[in-house]
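J.: entry-v1.cif is reproduced in full below (mmCIF, C-alpha atoms).
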data_final
#
loop_
_atom_site.label_atom_id
_atom_site.label_comp_id
_atom_site.auth_asym_id
_atom_site.auth_seq_id
_atom_site.Cartn_x
_atom_site.Cartn_y
_atom_site.Cartn_z
CA MET A 1458 -21.03 -1.41 5.50
CA ARG A 1459 -18.92 1.46 6.79
CA PRO A 1460 -17.84 1.35 10.46
CA ILE A 1461 -17.76 4.79 12.07
CA ALA A 1462 -14.50 5.84 13.69
CA ALA A 1463 -12.11 8.75 13.84
CA VAL A 1464 -8.78 8.45 12.04
CA HIS A 1465 -5.99 7.31 14.33
CA ALA A 1466 -3.89 10.40 13.63
CA ALA A 1467 -0.95 9.40 15.82
CA ALA A 1468 -0.44 6.11 14.00
CA VAL A 1469 -0.72 7.69 10.57
CA ALA A 1470 1.67 10.49 11.53
CA ALA A 1471 4.22 7.98 12.81
CA LEU A 1472 4.09 6.07 9.55
CA CYS A 1473 4.56 9.21 7.48
CA LEU A 1474 7.54 10.29 9.57
CA ALA A 1475 9.18 6.93 8.97
CA ALA A 1476 9.07 7.34 5.20
CA PRO A 1477 11.84 9.06 3.24
CA GLY A 1478 11.37 12.83 3.28
CA ALA A 1479 12.29 13.36 -0.36
CA ALA A 1480 9.82 10.83 -1.78
CA GLN A 1481 7.13 12.11 -4.13
CA LYS A 1482 3.84 10.50 -3.10
CA SER A 1483 1.32 11.65 -5.70
CA PRO A 1484 1.40 10.95 -9.45
CA GLU A 1485 1.20 14.56 -10.57
CA LYS A 1486 4.33 15.46 -8.58
CA ILE A 1487 6.52 12.63 -9.85
CA ARG A 1488 9.16 13.69 -12.35
CA LEU A 1489 11.37 10.80 -13.43
CA THR A 1490 13.70 10.34 -16.36
CA ALA A 1491 15.66 7.34 -17.56
CA ARG A 1492 18.68 8.81 -15.70
CA SER A 1493 16.92 9.18 -12.31
CA HIS A 1494 18.50 7.49 -9.32
CA ASP A 1495 15.06 6.53 -7.94
CA GLY A 1496 12.23 4.57 -9.50
CA ALA A 1497 8.49 4.52 -8.82
CA VAL A 1498 5.60 2.15 -8.34
CA LEU A 1499 2.19 2.68 -9.96
CA ILE A 1500 -0.98 0.90 -8.82
CA ARG A 1501 -4.64 1.16 -9.81
CA VAL A 1502 -6.86 0.95 -6.72
CA PRO A 1503 -10.57 1.18 -5.84
CA VAL A 1504 -11.80 4.39 -4.19
CA GLN A 1505 -13.91 4.03 -1.04
CA PRO A 1506 -16.01 6.48 1.03
CA PHE A 1507 -13.22 6.28 3.63
CA GLY A 1508 -9.45 6.49 3.48
CA TYR A 1509 -7.13 3.51 3.56
CA ALA A 1510 -3.43 2.85 3.05
CA LEU A 1511 -0.93 0.28 1.81
CA GLN A 1512 2.26 -0.21 3.82
CA PHE A 1513 5.41 -1.73 2.30
CA SER A 1514 8.78 -2.83 3.64
CA LYS A 1515 12.08 -2.87 1.76
CA ASN A 1516 14.52 -5.77 1.29
CA GLY A 1517 12.89 -7.85 4.03
CA SER A 1518 13.46 -5.19 6.69
CA SER A 1519 10.22 -4.67 8.59
CA GLY A 1520 8.75 -4.81 12.07
CA PHE A 1521 9.37 -2.61 15.10
CA MET A 1522 11.50 0.51 14.43
CA SER A 1523 11.96 -0.38 10.75
CA ARG A 1524 11.44 2.15 7.97
CA VAL A 1525 8.09 1.78 6.24
CA TYR A 1526 6.75 3.05 2.93
CA VAL A 1527 3.11 4.10 2.82
CA MET A 1528 0.77 4.74 -0.10
CA GLY A 1529 -2.48 6.37 0.97
CA VAL A 1530 -5.80 6.28 -0.88
CA LYS A 1531 -8.03 9.26 -0.09
CA GLU A 1532 -11.75 8.84 0.29
CA GLY A 1533 -13.97 9.76 -2.64
CA GLU A 1534 -16.73 8.70 -4.99
CA PRO A 1535 -16.74 4.99 -5.87
CA GLY A 1536 -14.50 4.14 -8.79
CA TYR A 1537 -10.82 3.60 -9.44
CA ARG A 1538 -7.73 5.80 -9.43
CA TYR A 1539 -3.99 5.42 -9.93
CA ILE A 1540 -1.66 5.98 -7.00
CA SER A 1541 2.11 6.25 -7.23
CA ARG A 1542 5.21 7.17 -5.25
CA THR A 1543 8.94 7.29 -5.84
CA LEU A 1544 11.12 4.67 -4.16
CA ALA A 1545 14.82 3.94 -3.97
CA PRO A 1546 15.91 0.82 -5.90
CA GLY A 1547 15.28 -2.43 -4.05
CA ARG A 1548 12.80 -5.21 -3.36
CA TYR A 1549 9.53 -4.14 -1.75
CA ARG A 1550 6.83 -6.23 -0.05
CA LEU A 1551 3.24 -5.33 0.87
CA ASP A 1552 3.01 -6.00 4.62
CA TRP A 1553 -0.09 -4.18 5.88
CA MET A 1554 -3.37 -2.64 4.82
CA TRP A 1555 -4.85 0.08 7.02
CA GLN A 1556 -8.44 1.26 6.99
CA GLN A 1557 -9.17 4.72 8.44
CA GLY A 1558 -5.89 4.53 10.35
CA HIS A 1559 -7.52 2.17 12.86
CA TRP A 1560 -8.32 -1.31 11.53
CA THR A 1561 -5.32 -3.13 10.13
CA ALA A 1562 -4.57 -6.41 8.42
CA CYS A 1563 -1.10 -7.91 8.65
CA LEU A 1564 -0.55 -9.91 5.46
CA GLU A 1565 2.07 -12.39 6.67
CA LYS A 1566 -0.13 -15.29 5.59
CA GLY A 1567 0.36 -14.41 1.92
CA THR A 1568 1.38 -11.30 0.01
CA PHE A 1569 3.57 -10.17 -2.91
CA GLU A 1570 6.87 -8.45 -3.58
CA PHE A 1571 8.37 -6.61 -6.55
CA GLU A 1572 11.55 -4.83 -7.64
CA VAL A 1573 12.00 -1.10 -8.11
CA VAL A 1574 14.80 -0.05 -10.48
CA PRO A 1575 16.25 3.40 -11.26
CA GLY A 1576 14.52 5.49 -13.87
CA ARG A 1577 11.54 3.16 -14.35
CA ILE A 1578 7.91 3.17 -13.22
CA ARG A 1579 6.86 -0.34 -12.24
CA TYR A 1580 3.14 -0.96 -12.81
CA LEU A 1581 1.64 -3.60 -10.50
CA GLY A 1582 -1.88 -3.73 -11.96
CA THR A 1583 -5.28 -3.23 -10.29
CA LEU A 1584 -5.19 -4.15 -6.60
CA ARG A 1585 -8.64 -5.45 -5.66
CA ALA A 1586 -8.39 -3.88 -2.23
CA ASP A 1587 -12.19 -3.63 -1.88
CA GLN A 1588 -12.43 -7.34 -1.11
CA LEU A 1589 -9.97 -7.18 1.78
CA LEU A 1590 -11.48 -3.95 3.13
CA GLU A 1591 -14.89 -5.60 3.29
CA SER A 1592 -13.32 -8.51 5.22
CA ILE A 1593 -11.64 -6.13 7.66
CA GLN A 1594 -14.96 -4.39 8.29
CA ALA A 1595 -16.79 -7.69 8.79
CA ARG A 1596 -14.16 -8.80 11.29
CA ALA A 1597 -14.42 -5.51 13.22
CA VAL A 1598 -18.20 -5.77 13.37
CA GLY A 1599 -18.12 -9.45 14.35
CA GLU A 1600 -15.71 -8.81 17.22
CA GLY A 1601 -17.41 -5.62 18.39
CA LYS A 1602 -14.40 -3.42 17.57
CA THR A 1603 -16.11 -0.80 15.44
CA ALA A 1604 -15.12 2.08 17.74
CA MET A 1605 -11.74 3.26 18.92
CA ALA A 1606 -10.74 2.76 22.54
CA GLY A 1607 -8.29 5.48 23.48
CA ALA A 1608 -5.22 5.38 21.23
CA ALA A 1609 -5.49 1.64 20.57
CA TYR A 1610 -5.92 0.19 17.11
CA ASP A 1611 -6.98 -3.28 16.04
CA VAL A 1612 -4.46 -5.52 14.28
CA SER A 1613 -5.36 -8.84 12.70
CA HIS A 1614 -2.67 -11.50 12.27
CA ALA A 1615 -2.76 -14.46 9.86
CA ALA A 1616 -6.42 -13.77 9.06
CA PHE A 1617 -6.03 -12.24 5.59
CA GLU A 1618 -3.91 -12.47 2.47
CA ALA A 1619 -3.00 -9.65 0.13
CA PRO A 1620 -5.70 -8.70 -2.40
CA PRO A 1621 -5.31 -10.10 -5.93
CA LEU A 1622 -3.67 -8.06 -8.68
CA GLU A 1623 -5.61 -7.82 -11.93
CA ASP A 1624 -5.18 -6.04 -15.30
CA ARG A 1625 -1.62 -7.27 -15.58
CA ASP A 1626 -1.89 -7.56 -19.35
CA GLU A 1627 -1.17 -5.45 -22.42
CA SER A 1628 -4.45 -3.57 -22.10
CA GLY A 1629 -3.81 -2.69 -18.46
CA LEU A 1630 -0.24 -1.67 -19.24
CA GLN A 1631 -1.33 0.61 -22.08
CA SER A 1632 -3.89 2.28 -19.82
CA ALA A 1633 -1.20 2.84 -17.18
CA ARG A 1634 1.09 4.35 -19.80
CA ALA A 1635 -1.66 6.68 -20.99
CA PHE A 1636 -2.17 7.83 -17.40
CA ALA A 1637 1.57 8.41 -16.93
CA ASP A 1638 1.70 10.36 -20.17
CA SER A 1639 -1.15 12.68 -19.15
CA THR A 1640 -0.53 13.00 -15.40
CA MET A 1641 3.10 12.08 -14.67
CA HIS A 1642 4.80 14.59 -16.97
CA GLY A 1643 4.88 12.55 -20.15
CA SER A 1644 6.61 9.53 -18.59
CA ALA A 1645 4.70 6.81 -20.49
CA GLY A 1646 7.97 5.47 -21.91
CA LEU A 1647 9.21 4.66 -18.39
CA VAL A 1648 6.24 2.47 -17.44
CA GLU A 1649 6.74 -1.29 -17.49
CA LEU A 1650 4.93 -4.24 -15.95
CA ALA A 1651 6.40 -5.19 -12.58
CA ASP A 1652 7.68 -8.71 -11.99
CA VAL A 1653 5.46 -9.67 -9.04
CA ARG A 1654 6.30 -12.66 -6.85
CA LYS A 1655 4.15 -14.29 -4.17
CA THR A 1656 5.65 -14.55 -0.71
CA ALA A 1657 4.88 -14.84 3.02
CA PHE A 1658 6.68 -13.78 6.19
CA GLY A 1659 6.63 -14.20 9.94
CA THR A 1660 5.78 -11.87 12.79
CA SER A 1661 8.25 -10.75 15.42
CA GLY A 1662 7.60 -10.48 19.14
CA LEU A 1663 7.81 -7.27 21.18
CA GLY A 1664 7.61 -8.30 24.78
CA LYS A 1665 5.16 -11.11 25.53
CA ALA A 1666 1.86 -9.63 24.42
CA ILE A 1667 2.52 -7.81 21.14
CA LYS A 1668 3.15 -9.32 17.73
CA VAL A 1669 4.82 -7.01 15.23
CA CYS A 1670 3.97 -7.35 11.56
CA GLY A 1671 7.18 -8.28 9.78
#
Go ahead and express the file in the form of structure tokens.

T.:
Amino acid sequence: MRPIAAVHAAAVAALCLAAPGAAQKSPEKIRLTARSHDGAVLIRVPVQPFGYALQFSKNGSSGFMSRVYVMGVKEGEPGYRYISRTLAPGRYRLDWMWQQGHWTACLEKGTFEFEVVPGRIRYLGTLRADQLLESIQARAVGEGKTAMAGAAYDVSHAAFEAPPLEDRDESGLQSARAFADSTMHGSAGLVELADVRKTAFGTSGLGKAIKVCG
């Protein structure tokens, strides 16, 4: 089922402005070497007939007015694609998933974190985001929130956990390296399996009525 709604452009724009300006956010633009100061993350994700995004925080710094790191997945024909972006070294955590810039799931109940190191491309595996996206849609339909109301967007707290990561084996790693070799300027030798750790986090309060994810 696909709820019909316009993209919440203001929210998406705010997220993009919060991200580092020099970051490369598409695989074909990423040019890393073993001597690079930055690293990158590489994820295989399902493609949907609508856009969605993954939002990360760094070193436990998240919530209101914190810098965020977004990886968008453009709409397209059903299937899978690799997404990637450069990141400064540090520990990153998946905090949110956004669907069409409007419906959001805060993943404080259970998520994962990983390290980014200089000159390496950390492969996370296949993120089964389709399962969580279906749950977000079902929740929106069940609560009658399938349409935008002004500039508001719907945030769920403690309802969902991060999608599972699959293909974290030698076969998945070799496929990721083949992709990096063909699309990321011959950087197969920089790709390695990320050390992923499960985690959870709390939400902070902004005033009395708003809970901030992180």

J.: Determine the nearest neighbour of A:Val1669 from the options A:Val1504, A:Val1574, A:Leu1589, A:Ala1615, counting all atoms listed in the file.

T.: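 Ranked by minimum distance to A:Val1669, first place goes to A:Ala1615.
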
J.: Between A:Gly1643, A:Gly1659, A:Gly1599, A:Gly1582, which one has atoms that come closest to A:Ser1628, using all atoms listed in the file?

T.: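 Nearest to A:Ser1628: A:Gly1582.
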
J.: Could you list, as a PyMOL selection string, every residue within 8 Å of A:Ile1500, counting all atoms listed in the file and ignoring same-chain residues fewer than 6 positions away?

T.: chain A and resi 1539-1541+1580-1584

J.: Could you work out how far atom CA of A:Glu1534 lies from atom CA of A:Val1498, giving the answer in Å with one decimal?

T.: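 These atoms are spaced 23.5 Å apart.
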
J.: So, with all atoms listed in the file as the atoms that count, which of A:Phe1569, A:Trp1555, A:Tyr1549, A:Tyr1537 lies closest to A:Pro1620?

T.: A:Phe1569

J.: On this structure, the PyMOL selection byres ((chain A and resi 1483) around 6) would catch which residues? List them as a ChimeraX atom specification, sorted by chain and number.

T.: /A:1482,1484-1486,1541-1542

J.: Please dump the current selection as a CSV table (one decimal), in the coordinates of the input; keep C-alpha atoms.

T.:
chain,number,residue,atom,x,y,z
A,1482,LYS,CA,3.8,10.5,-3.1
A,1484,PRO,CA,1.4,11.0,-9.4
A,1485,GLU,CA,1.2,14.6,-10.6
A,1486,LYS,CA,4.3,15.5,-8.6
A,1541,SER,CA,2.1,6.2,-7.2
A,1542,ARG,CA,5.2,7.2,-5.2

J.: Apply the PyMOL selection byres ((chain A and resi 1588) around 12) to the file shown and report the selected residues as a CSV table (one decimal) with C-alpha atoms, in the frame of the given file.

T.:
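Output file out.csv is given in full below:
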chain,number,residue,atom,x,y,z
A,1502,VAL,CA,-6.9,1.0,-6.7
A,1503,PRO,CA,-10.6,1.2,-5.8
A,1505,GLN,CA,-13.9,4.0,-1.0
A,1554,MET,CA,-3.4,-2.6,4.8
A,1584,LEU,CA,-5.2,-4.2,-6.6
A,1585,ARG,CA,-8.6,-5.4,-5.7
A,1586,ALA,CA,-8.4,-3.9,-2.2
A,1587,ASP,CA,-12.2,-3.6,-1.9
A,1589,LEU,CA,-10.0,-7.2,1.8
A,1590,LEU,CA,-11.5,-4.0,3.1
A,1591,GLU,CA,-14.9,-5.6,3.3
A,1592,SER,CA,-13.3,-8.5,5.2
A,1593,ILE,CA,-11.6,-6.1,7.7
A,1594,GLN,CA,-15.0,-4.4,8.3
A,1595,ALA,CA,-16.8,-7.7,8.8
A,1617,PHE,CA,-6.0,-12.2,5.6
A,1618,GLU,CA,-3.9,-12.5,2.5
A,1619,ALA,CA,-3.0,-9.6,0.1
A,1620,PRO,CA,-5.7,-8.7,-2.4
A,1621,PRO,CA,-5.3,-10.1,-5.9
A,1622,LEU,CA,-3.7,-8.1,-8.7
